[in-house]
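The structure file run.cif is reproduced below (mmCIF, N, CA and C atoms).
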```cif
data_final
loop_
_atom_site.group_PDB
_atom_site.id
_atom_site.type_symbol
_atom_site.label_atom_id
_atom_site.label_comp_id
_atom_site.auth_asym_id
_atom_site.auth_seq_id
_atom_site.Cartn_x
_atom_site.Cartn_y
_atom_site.Cartn_z
ATOM 1 N N MET N 1 -70.051 -32.995 -12.802
ATOM 2 C CA MET N 1 -69.989 -31.569 -12.925
ATOM 3 C C MET N 1 -70.318 -31.190 -14.364
ATOM 4 N N PRO N 2 -71.158 -30.221 -14.526
ATOM 5 C CA PRO N 2 -71.491 -29.794 -15.885
ATOM 6 C C PRO N 2 -70.310 -29.089 -16.523
ATOM 7 N N ARG N 3 -70.340 -29.128 -17.812
ATOM 8 C CA ARG N 3 -69.233 -28.578 -18.598
ATOM 9 C C ARG N 3 -68.922 -27.125 -18.310
ATOM 10 N N PRO N 4 -69.857 -26.207 -18.243
ATOM 11 C CA PRO N 4 -69.503 -24.820 -17.961
ATOM 12 C C PRO N 4 -68.810 -24.672 -16.618
ATOM 13 N N GLU N 5 -69.215 -25.457 -15.648
ATOM 14 C CA GLU N 5 -68.579 -25.375 -14.343
ATOM 15 C C GLU N 5 -67.144 -25.906 -14.397
ATOM 16 N N VAL N 6 -66.955 -26.978 -15.171
ATOM 17 C CA VAL N 6 -65.619 -27.548 -15.324
ATOM 18 C C VAL N 6 -64.720 -26.543 -16.029
ATOM 19 N N LEU N 7 -65.220 -25.922 -17.069
ATOM 20 C CA LEU N 7 -64.444 -24.911 -17.789
ATOM 21 C C LEU N 7 -64.114 -23.735 -16.876
ATOM 22 N N GLU N 8 -65.091 -23.322 -16.076
ATOM 23 C CA GLU N 8 -64.844 -22.217 -15.144
ATOM 24 C C GLU N 8 -63.798 -22.614 -14.116
ATOM 25 N N ALA N 9 -63.841 -23.837 -13.605
ATOM 26 C CA ALA N 9 -62.861 -24.314 -12.626
ATOM 27 C C ALA N 9 -61.475 -24.370 -13.254
ATOM 28 N N ILE N 10 -61.420 -24.813 -14.500
ATOM 29 C CA ILE N 10 -60.130 -24.869 -15.212
ATOM 30 C C ILE N 10 -59.582 -23.464 -15.401
ATOM 31 N N LYS N 11 -60.457 -22.526 -15.806
ATOM 32 C CA LYS N 11 -60.020 -21.142 -15.989
ATOM 33 C C LYS N 11 -59.518 -20.548 -14.676
ATOM 34 N N GLU N 12 -60.221 -20.826 -13.586
ATOM 35 C CA GLU N 12 -59.795 -20.327 -12.284
ATOM 36 C C GLU N 12 -58.450 -20.935 -11.880
ATOM 37 N N ALA N 13 -58.299 -22.227 -12.145
ATOM 38 C CA ALA N 13 -57.046 -22.911 -11.815
ATOM 39 C C ALA N 13 -55.902 -22.333 -12.647
ATOM 40 N N GLU N 14 -56.163 -22.097 -13.923
ATOM 41 C CA GLU N 14 -55.142 -21.506 -14.800
ATOM 42 C C GLU N 14 -54.805 -20.098 -14.343
ATOM 43 N N SER N 15 -55.823 -19.341 -13.999
ATOM 44 C CA SER N 15 -55.608 -17.975 -13.527
ATOM 45 C C SER N 15 -54.794 -17.985 -12.233
ATOM 46 N N GLU N 16 -55.157 -18.906 -11.329
ATOM 47 C CA GLU N 16 -54.426 -19.023 -10.073
ATOM 48 C C GLU N 16 -52.980 -19.459 -10.348
ATOM 49 N N ALA N 17 -52.803 -20.400 -11.263
ATOM 50 C CA ALA N 17 -51.451 -20.863 -11.608
ATOM 51 C C ALA N 17 -50.644 -19.718 -12.219
ATOM 52 N N ASP N 18 -51.265 -18.944 -13.104
ATOM 53 C CA ASP N 18 -50.583 -17.786 -13.702
ATOM 54 C C ASP N 18 -50.175 -16.780 -12.621
ATOM 55 N N SER N 19 -51.070 -16.543 -11.667
ATOM 56 C CA SER N 19 -50.774 -15.611 -10.576
ATOM 57 C C SER N 19 -49.608 -16.125 -9.737
ATOM 58 N N ARG N 20 -49.611 -17.427 -9.462
ATOM 59 C CA ARG N 20 -48.531 -18.011 -8.677
ATOM 60 C C ARG N 20 -47.198 -17.933 -9.438
ATOM 61 N N VAL N 21 -47.265 -18.222 -10.738
ATOM 62 C CA VAL N 21 -46.040 -18.156 -11.559
ATOM 63 C C VAL N 21 -45.525 -16.718 -11.579
ATOM 64 N N GLU N 22 -46.420 -15.759 -11.766
ATOM 65 C CA GLU N 22 -46.020 -14.346 -11.786
ATOM 66 C C GLU N 22 -45.448 -13.935 -10.435
ATOM 67 N N ALA N 23 -46.082 -14.361 -9.351
ATOM 68 C CA ALA N 23 -45.585 -14.036 -8.018
ATOM 69 C C ALA N 23 -44.216 -14.671 -7.798
ATOM 70 N N ALA N 24 -44.043 -15.905 -8.249
ATOM 71 C CA ALA N 24 -42.759 -16.585 -8.104
ATOM 72 C C ALA N 24 -41.679 -15.882 -8.931
ATOM 73 N N GLN N 25 -42.045 -15.453 -10.128
ATOM 74 C CA GLN N 25 -41.080 -14.720 -10.966
ATOM 75 C C GLN N 25 -40.703 -13.395 -10.309
ATOM 76 N N ASN N 26 -41.697 -12.695 -9.777
ATOM 77 C CA ASN N 26 -41.422 -11.428 -9.090
ATOM 78 C C ASN N 26 -40.520 -11.662 -7.873
ATOM 79 N N GLU N 27 -40.827 -12.719 -7.115
ATOM 80 C CA GLU N 27 -40.009 -13.034 -5.949
ATOM 81 C C GLU N 27 -38.584 -13.411 -6.375
ATOM 82 N N ALA N 28 -38.473 -14.171 -7.455
ATOM 83 C CA ALA N 28 -37.145 -14.563 -7.947
ATOM 84 C C ALA N 28 -36.364 -13.330 -8.388
ATOM 85 N N GLU N 29 -37.031 -12.404 -9.086
ATOM 86 C CA GLU N 29 -36.363 -11.178 -9.516
ATOM 87 C C GLU N 29 -35.920 -10.340 -8.325
ATOM 88 N N GLU N 30 -36.771 -10.299 -7.295
ATOM 89 C CA GLU N 30 -36.429 -9.555 -6.082
ATOM 90 C C GLU N 30 -35.229 -10.197 -5.372
ATOM 91 N N ILE N 31 -35.229 -11.524 -5.296
ATOM 92 C CA ILE N 31 -34.107 -12.237 -4.664
ATOM 93 C C ILE N 31 -32.828 -11.985 -5.449
ATOM 94 N N ILE N 32 -32.913 -12.046 -6.768
ATOM 95 C CA ILE N 32 -31.740 -11.798 -7.621
ATOM 96 C C ILE N 32 -31.248 -10.370 -7.439
ATOM 97 N N SER N 33 -32.178 -9.424 -7.406
ATOM 98 C CA SER N 33 -31.814 -8.021 -7.222
ATOM 99 C C SER N 33 -31.130 -7.806 -5.874
ATOM 100 N N GLU N 34 -31.676 -8.402 -4.821
ATOM 101 C CA GLU N 34 -31.069 -8.288 -3.493
ATOM 102 C C GLU N 34 -29.688 -8.934 -3.474
ATOM 103 N N ALA N 35 -29.557 -10.086 -4.140
ATOM 104 C CA ALA N 35 -28.266 -10.773 -4.183
ATOM 105 C C ALA N 35 -27.236 -9.934 -4.933
ATOM 106 N N GLU N 36 -27.662 -9.316 -6.030
ATOM 107 C CA GLU N 36 -26.748 -8.454 -6.786
ATOM 108 C C GLU N 36 -26.324 -7.251 -5.950
ATOM 109 N N SER N 37 -27.273 -6.647 -5.235
ATOM 110 C CA SER N 37 -26.944 -5.509 -4.370
ATOM 111 C C SER N 37 -25.984 -5.930 -3.270
ATOM 112 N N GLU N 38 -26.261 -7.084 -2.681
ATOM 113 C CA GLU N 38 -25.391 -7.588 -1.618
ATOM 114 C C GLU N 38 -23.994 -7.884 -2.170
ATOM 115 N N ALA N 39 -23.938 -8.466 -3.360
ATOM 116 C CA ALA N 39 -22.645 -8.769 -3.978
ATOM 117 C C ALA N 39 -21.881 -7.481 -4.270
ATOM 118 N N GLU N 40 -22.576 -6.457 -4.784
ATOM 119 C CA GLU N 40 -21.927 -5.179 -5.052
ATOM 120 C C GLU N 40 -21.392 -4.562 -3.761
ATOM 121 N N GLU N 41 -22.168 -4.676 -2.697
ATOM 122 C CA GLU N 41 -21.732 -4.141 -1.404
ATOM 123 C C GLU N 41 -20.503 -4.896 -0.889
ATOM 124 N N LEU N 42 -20.516 -6.222 -1.036
ATOM 125 C CA LEU N 42 -19.371 -7.025 -0.617
ATOM 126 C C LEU N 42 -18.126 -6.660 -1.417
ATOM 127 N N VAL N 43 -18.292 -6.487 -2.721
ATOM 128 C CA VAL N 43 -17.155 -6.107 -3.577
ATOM 129 C C VAL N 43 -16.641 -4.733 -3.163
ATOM 130 N N SER N 44 -17.559 -3.805 -2.934
ATOM 131 C CA SER N 44 -17.162 -2.458 -2.520
ATOM 132 C C SER N 44 -16.419 -2.491 -1.192
ATOM 133 N N THR N 45 -16.926 -3.274 -0.249
ATOM 134 C CA THR N 45 -16.271 -3.405 1.056
ATOM 135 C C THR N 45 -14.890 -4.027 0.900
ATOM 136 N N ALA N 46 -14.800 -5.074 0.084
ATOM 137 C CA ALA N 46 -13.508 -5.740 -0.133
ATOM 138 C C ALA N 46 -12.515 -4.782 -0.780
ATOM 139 N N GLU N 47 -12.977 -3.990 -1.739
ATOM 140 C CA GLU N 47 -12.091 -3.016 -2.390
ATOM 141 C C GLU N 47 -11.616 -1.961 -1.388
ATOM 142 N N SER N 48 -12.537 -1.497 -0.545
ATOM 143 C CA SER N 48 -12.160 -0.511 0.475
ATOM 144 C C SER N 48 -11.141 -1.090 1.444
ATOM 145 N N GLU N 49 -11.382 -2.313 1.868
ATOM 146 C CA GLU N 49 -10.445 -2.964 2.782
ATOM 147 C C GLU N 49 -9.092 -3.175 2.112
ATOM 148 N N ALA N 50 -9.116 -3.543 0.831
ATOM 149 C CA ALA N 50 -7.861 -3.745 0.101
ATOM 150 C C ALA N 50 -7.094 -2.430 -0.014
ATOM 151 N N ARG N 51 -7.812 -1.335 -0.302
ATOM 152 C CA ARG N 51 -7.155 -0.023 -0.381
ATOM 153 C C ARG N 51 -6.553 0.354 0.974
ATOM 154 N N ALA N 52 -7.318 0.121 2.029
ATOM 155 C CA ALA N 52 -6.827 0.455 3.364
ATOM 156 C C ALA N 52 -5.602 -0.389 3.711
ATOM 157 N N HIS N 53 -5.647 -1.662 3.372
ATOM 158 C CA HIS N 53 -4.502 -2.542 3.636
ATOM 159 C C HIS N 53 -3.288 -2.091 2.828
ATOM 160 N N ARG N 54 -3.521 -1.727 1.577
ATOM 161 C CA ARG N 54 -2.426 -1.245 0.728
ATOM 162 C C ARG N 54 -1.815 0.023 1.323
ATOM 163 N N GLU N 55 -2.661 0.935 1.780
ATOM 164 C CA GLU N 55 -2.164 2.174 2.372
ATOM 165 C C GLU N 55 -1.371 1.896 3.647
ATOM 166 N N GLU N 56 -1.851 0.938 4.442
ATOM 167 C CA GLU N 56 -1.123 0.571 5.662
ATOM 168 C C GLU N 56 0.251 0.010 5.316
ATOM 169 N N ARG N 57 0.292 -0.855 4.295
ATOM 170 C CA ARG N 57 1.573 -1.449 3.898
ATOM 171 C C ARG N 57 2.499 -0.383 3.325
ATOM 172 N N LEU N 58 1.943 0.544 2.544
ATOM 173 C CA LEU N 58 2.767 1.618 1.997
ATOM 174 C C LEU N 58 3.328 2.489 3.117
ATOM 175 N N GLU N 59 2.491 2.819 4.081
ATOM 176 C CA GLU N 59 2.941 3.634 5.200
ATOM 177 C C GLU N 59 4.020 2.909 5.988
ATOM 178 N N SER N 60 3.816 1.619 6.203
ATOM 179 C CA SER N 60 4.817 0.823 6.910
ATOM 180 C C SER N 60 6.131 0.809 6.136
ATOM 181 N N ALA N 61 6.040 0.630 4.819
ATOM 182 C CA ALA N 61 7.249 0.624 3.987
ATOM 183 C C ALA N 61 7.932 1.988 4.036
ATOM 184 N N ARG N 62 7.135 3.056 3.987
ATOM 185 C CA ARG N 62 7.714 4.406 4.071
ATOM 186 C C ARG N 62 8.450 4.597 5.393
ATOM 187 N N GLU N 63 7.841 4.125 6.466
ATOM 188 C CA GLU N 63 8.474 4.253 7.785
ATOM 189 C C GLU N 63 9.781 3.464 7.835
ATOM 190 N N GLU N 64 9.771 2.248 7.267
ATOM 191 C CA GLU N 64 10.990 1.447 7.239
ATOM 192 C C GLU N 64 12.074 2.138 6.414
ATOM 193 N N ILE N 65 11.681 2.680 5.275
ATOM 194 C CA ILE N 65 12.642 3.380 4.412
ATOM 195 C C ILE N 65 13.201 4.597 5.136
ATOM 196 N N GLU N 66 12.336 5.344 5.810
ATOM 197 C CA GLU N 66 12.787 6.530 6.539
ATOM 198 C C GLU N 66 13.751 6.145 7.653
ATOM 199 N N ALA N 67 13.441 5.046 8.358
ATOM 200 C CA ALA N 67 14.331 4.581 9.428
ATOM 201 C C ALA N 67 15.679 4.172 8.854
ATOM 202 N N GLU N 68 15.659 3.470 7.723
ATOM 203 C CA GLU N 68 16.912 3.059 7.084
ATOM 204 C C GLU N 68 17.690 4.282 6.595
ATOM 205 N N ARG N 69 16.967 5.252 6.046
ATOM 206 C CA ARG N 69 17.601 6.489 5.579
ATOM 207 C C ARG N 69 18.301 7.198 6.735
ATOM 208 N N GLU N 70 17.594 7.318 7.851
ATOM 209 C CA GLU N 70 18.175 7.967 9.029
ATOM 210 C C GLU N 70 19.403 7.200 9.524
ATOM 211 N N SER N 71 19.326 5.878 9.484
ATOM 212 C CA SER N 71 20.456 5.057 9.910
ATOM 213 C C SER N 71 21.661 5.291 9.005
ATOM 214 N N ILE N 72 21.414 5.338 7.708
ATOM 215 C CA ILE N 72 22.500 5.581 6.745
ATOM 216 C C ILE N 72 23.107 6.963 6.971
ATOM 217 N N ILE N 73 22.244 7.964 7.176
ATOM 218 C CA ILE N 73 22.738 9.329 7.417
ATOM 219 C C ILE N 73 23.563 9.364 8.701
ATOM 220 N N GLU N 74 23.080 8.708 9.749
ATOM 221 C CA GLU N 74 23.809 8.698 11.018
ATOM 222 C C GLU N 74 25.159 8.000 10.857
ATOM 223 N N THR N 75 25.176 6.889 10.136
ATOM 224 C CA THR N 75 26.437 6.191 9.887
ATOM 225 C C THR N 75 27.401 7.085 9.126
ATOM 226 N N GLY N 76 26.876 7.797 8.131
ATOM 227 C CA GLY N 76 27.703 8.727 7.362
ATOM 228 C C GLY N 76 28.261 9.841 8.234
ATOM 229 N N ARG N 77 27.450 10.358 9.125
ATOM 230 C CA ARG N 77 27.907 11.424 10.032
ATOM 231 C C ARG N 77 29.012 10.899 10.953
ATOM 232 N N GLU N 78 28.798 9.700 11.472
ATOM 233 C CA GLU N 78 29.805 9.122 12.359
ATOM 234 C C GLU N 78 31.123 8.903 11.615
ATOM 235 N N GLU N 79 31.043 8.382 10.389
ATOM 236 C CA GLU N 79 32.260 8.165 9.599
ATOM 237 C C GLU N 79 32.942 9.496 9.279
ATOM 238 N N ARG N 80 32.134 10.512 8.953
ATOM 239 C CA ARG N 80 32.682 11.831 8.678
ATOM 240 C C ARG N 80 33.403 12.375 9.910
ATOM 241 N N ASP N 81 32.749 12.251 11.074
ATOM 242 C CA ASP N 81 33.360 12.740 12.310
ATOM 243 C C ASP N 81 34.680 12.024 12.598
ATOM 244 N N GLU N 82 34.720 10.717 12.357
ATOM 245 C CA GLU N 82 35.956 9.959 12.560
ATOM 246 C C GLU N 82 37.052 10.444 11.612
ATOM 247 N N LEU N 83 36.683 10.669 10.347
ATOM 248 C CA LEU N 83 37.669 11.161 9.373
ATOM 249 C C LEU N 83 38.180 12.537 9.765
ATOM 250 N N VAL N 84 37.285 13.418 10.192
ATOM 251 C CA VAL N 84 37.687 14.765 10.610
ATOM 252 C C VAL N 84 38.618 14.667 11.812
ATOM 253 N N GLU N 85 38.277 13.824 12.767
ATOM 254 C CA GLU N 85 39.092 13.661 13.964
ATOM 255 C C GLU N 85 40.488 13.132 13.596
ATOM 256 N N ARG N 86 40.514 12.131 12.710
ATOM 257 C CA ARG N 86 41.819 11.593 12.299
ATOM 258 C C ARG N 86 42.617 12.642 11.543
ATOM 259 N N ALA N 87 41.939 13.386 10.692
ATOM 260 C CA ALA N 87 42.635 14.419 9.923
ATOM 261 C C ALA N 87 43.170 15.512 10.850
ATOM 262 N N GLU N 88 42.342 15.927 11.800
ATOM 263 C CA GLU N 88 42.782 16.965 12.736
ATOM 264 C C GLU N 88 43.956 16.500 13.584
ATOM 265 N N SER N 89 43.966 15.216 13.927
ATOM 266 C CA SER N 89 45.065 14.701 14.741
ATOM 267 C C SER N 89 46.369 14.637 13.940
ATOM 268 N N ARG N 90 46.273 14.712 12.626
ATOM 269 C CA ARG N 90 47.484 14.620 11.794
ATOM 270 C C ARG N 90 47.898 15.971 11.234
ATOM 271 N N ILE N 91 47.219 17.051 11.618
ATOM 272 C CA ILE N 91 47.558 18.377 11.099
ATOM 273 C C ILE N 91 48.985 18.756 11.485
ATOM 274 N N ASP N 92 49.329 18.568 12.737
ATOM 275 C CA ASP N 92 50.683 18.921 13.183
ATOM 276 C C ASP N 92 51.722 18.134 12.388
ATOM 277 N N GLU N 93 51.454 16.865 12.190
ATOM 278 C CA GLU N 93 52.370 16.010 11.431
ATOM 279 C C GLU N 93 52.495 16.503 9.986
ATOM 280 N N ALA N 94 51.363 16.898 9.380
ATOM 281 C CA ALA N 94 51.375 17.380 8.003
ATOM 282 C C ALA N 94 52.130 18.703 7.896
ATOM 283 N N VAL N 95 51.930 19.586 8.867
ATOM 284 C CA VAL N 95 52.634 20.876 8.855
ATOM 285 C C VAL N 95 54.135 20.642 8.994
ATOM 286 N N GLU N 96 54.510 19.757 9.910
ATOM 287 C CA GLU N 96 55.919 19.452 10.117
ATOM 288 C C GLU N 96 56.542 18.878 8.845
ATOM 289 N N LEU N 97 55.824 17.956 8.184
ATOM 290 C CA LEU N 97 56.327 17.365 6.938
ATOM 291 C C LEU N 97 56.457 18.422 5.855
ATOM 292 N N ALA N 98 55.488 19.324 5.769
ATOM 293 C CA ALA N 98 55.545 20.385 4.761
ATOM 294 C C ALA N 98 56.734 21.303 5.022
ATOM 295 N N LEU N 99 56.994 21.634 6.277
ATOM 296 C CA LEU N 99 58.131 22.492 6.623
ATOM 297 C C LEU N 99 59.460 21.805 6.297
ATOM 298 N N GLU N 100 59.547 20.507 6.576
ATOM 299 C CA GLU N 100 60.768 19.768 6.256
ATOM 300 C C GLU N 100 61.038 19.798 4.755
ATOM 301 N N ARG N 101 60.012 19.530 3.987
ATOM 302 C CA ARG N 101 60.196 19.512 2.521
ATOM 303 C C ARG N 101 60.537 20.910 2.013
ATOM 304 N N PHE N 102 59.899 21.933 2.582
ATOM 305 C CA PHE N 102 60.205 23.285 2.175
ATOM 306 C C PHE N 102 61.663 23.627 2.504
ATOM 307 N N THR N 103 62.056 23.258 3.704
ATOM 308 C CA THR N 103 63.435 23.498 4.125
ATOM 309 C C THR N 103 64.404 22.777 3.206
ATOM 310 N N GLU N 104 64.112 21.529 2.885
ATOM 311 C CA GLU N 104 64.964 20.759 1.977
ATOM 312 C C GLU N 104 65.027 21.414 0.607
ATOM 313 N N ALA N 105 63.900 21.907 0.151
ATOM 314 C CA ALA N 105 63.875 22.564 -1.170
ATOM 315 C C ALA N 105 64.689 23.856 -1.158
ATOM 316 N N VAL N 106 64.602 24.582 -0.059
ATOM 317 C CA VAL N 106 65.357 25.817 0.067
ATOM 318 C C VAL N 106 66.860 25.487 0.097
ATOM 319 N N HIS N 107 67.254 24.480 0.867
ATOM 320 C CA HIS N 107 68.683 24.089 0.964
ATOM 321 C C HIS N 107 69.193 23.518 -0.357
ATOM 322 N N ALA N 108 68.296 22.882 -1.085
ATOM 323 C CA ALA N 108 68.735 22.328 -2.360
ATOM 324 C C ALA N 108 69.016 23.419 -3.372
ATOM 325 N N GLN N 109 68.418 24.568 -3.222
ATOM 326 C CA GLN N 109 68.626 25.663 -4.161
ATOM 327 C C GLN N 109 69.853 26.488 -3.804
ATOM 328 N N THR N 110 70.349 26.359 -2.623
ATOM 329 C CA THR N 110 71.491 27.166 -2.224
ATOM 330 C C THR N 110 72.791 26.483 -2.399
#
```

Let me see the file written as structure tokens.
Amino acid sequence: MPRPEVLEAIKEAESEADSRVEAAQNEAEEIISEAESEAEELVSTAESEARAHREERLESAREEIEAERESIIETGREERDELVERAESRIDEAVELALERFTEAVHAQT
């Protein structure tokens, strides 16, 4: 092969190699860009799911607290009702005791 033809073949090969390298770099950049976008989407999805899970747990905790609160209030009401009932059942006894002491105090002064 004559020299000019060899030089032309080398130039064509170099040009083709440069084109392939550039295409490979462009493809690599595109793959990296797609991977970064996919990673950002995965992170965003994971964050959304984490927020939703947190909200579910908070709501569940709120419901448990509300149920416990209602239970405590109901227990308090029941205890109050028992105390009122016991107190009411002793009113006659308390009045009688007060009258006895009053009578004794009156007799002690005479």

* What is the distance, in Å and to one decimal place, between atom N of Ala105 (chain N) and CA of Arg86 (chain N)? ->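 Those two atoms sit 27.2 Å apart.
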
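Of note, CA of Glu22 (chain N) and CA of Leu7 (chain N) are spaced 22.1 Å apart.
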
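CA of Ala13 (chain N) lies 23.9 Å from CA of Glu29 (chain N).
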
My structure is short of atoms at region 90-99 of chain N; please model all heavy atoms there, returning them as a CSV table (one decimal), keeping the file's coordinate frame.
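Okay, out-v8.csv is ready:
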```csv
chain,number,residue,atom,x,y,z
N,90,ARG,N,46.3,14.7,12.6
N,90,ARG,CA,47.5,14.6,11.8
N,90,ARG,C,47.9,16.0,11.2
N,90,ARG,O,48.8,16.0,10.5
N,90,ARG,CB,47.2,13.6,10.7
N,90,ARG,CG,47.0,12.2,11.2
N,90,ARG,CD,46.7,11.2,10.2
N,90,ARG,NE,47.9,11.0,9.4
N,90,ARG,CZ,47.9,10.3,8.3
N,90,ARG,NH1,46.8,9.8,7.7
N,90,ARG,NH2,49.1,10.1,7.6
N,91,ILE,N,47.2,17.1,11.6
N,91,ILE,CA,47.6,18.4,11.1
N,91,ILE,C,49.0,18.8,11.5
N,91,ILE,O,49.8,19.2,10.6
N,91,ILE,CB,46.6,19.4,11.6
N,91,ILE,CG1,45.2,19.3,10.9
N,91,ILE,CG2,47.1,20.9,11.4
N,91,ILE,CD1,44.1,20.2,11.4
N,92,ASP,N,49.3,18.6,12.7
N,92,ASP,CA,50.7,18.9,13.2
N,92,ASP,C,51.7,18.1,12.4
N,92,ASP,O,52.7,18.7,12.0
N,92,ASP,CB,50.9,18.7,14.7
N,92,ASP,CG,50.0,19.6,15.5
N,92,ASP,OD1,49.7,20.7,15.0
N,92,ASP,OD2,49.8,19.3,16.7
N,93,GLU,N,51.5,16.9,12.2
N,93,GLU,CA,52.4,16.0,11.4
N,93,GLU,C,52.5,16.5,10.0
N,93,GLU,O,53.6,16.6,9.4
N,93,GLU,CB,51.8,14.6,11.5
N,93,GLU,CG,52.7,13.5,10.9
N,93,GLU,CD,52.1,12.1,11.0
N,93,GLU,OE1,51.5,11.8,12.0
N,93,GLU,OE2,52.2,11.4,10.0
N,94,ALA,N,51.4,16.9,9.4
N,94,ALA,CA,51.4,17.4,8.0
N,94,ALA,C,52.1,18.7,7.9
N,94,ALA,O,52.9,18.9,6.9
N,94,ALA,CB,49.9,17.5,7.5
N,95,VAL,N,51.9,19.6,8.9
N,95,VAL,CA,52.6,20.9,8.9
N,95,VAL,C,54.1,20.6,9.0
N,95,VAL,O,54.9,21.2,8.3
N,95,VAL,CB,52.1,21.8,10.0
N,95,VAL,CG1,53.0,23.0,10.2
N,95,VAL,CG2,50.7,22.2,9.7
N,96,GLU,N,54.5,19.8,9.9
N,96,GLU,CA,55.9,19.5,10.1
N,96,GLU,C,56.5,18.9,8.8
N,96,GLU,O,57.6,19.3,8.4
N,96,GLU,CB,56.1,18.5,11.3
N,96,GLU,CG,57.5,18.3,11.7
N,96,GLU,CD,57.6,17.4,12.9
N,96,GLU,OE1,56.8,17.6,13.9
N,96,GLU,OE2,58.4,16.5,12.9
N,97,LEU,N,55.8,18.0,8.2
N,97,LEU,CA,56.3,17.4,6.9
N,97,LEU,C,56.5,18.4,5.9
N,97,LEU,O,57.5,18.5,5.1
N,97,LEU,CB,55.4,16.2,6.5
N,97,LEU,CG,55.8,15.5,5.2
N,97,LEU,CD1,57.1,14.8,5.4
N,97,LEU,CD2,54.7,14.5,4.8
N,98,ALA,N,55.5,19.3,5.8
N,98,ALA,CA,55.5,20.4,4.8
N,98,ALA,C,56.7,21.3,5.0
N,98,ALA,O,57.4,21.7,4.1
N,98,ALA,CB,54.2,21.2,4.8
N,99,LEU,N,57.0,21.6,6.3
N,99,LEU,CA,58.1,22.5,6.6
N,99,LEU,C,59.5,21.8,6.3
N,99,LEU,O,60.4,22.4,5.8
N,99,LEU,CB,58.1,22.9,8.1
N,99,LEU,CG,57.1,24.0,8.5
N,99,LEU,CD1,57.0,24.2,10.0
N,99,LEU,CD2,57.4,25.3,7.8
```
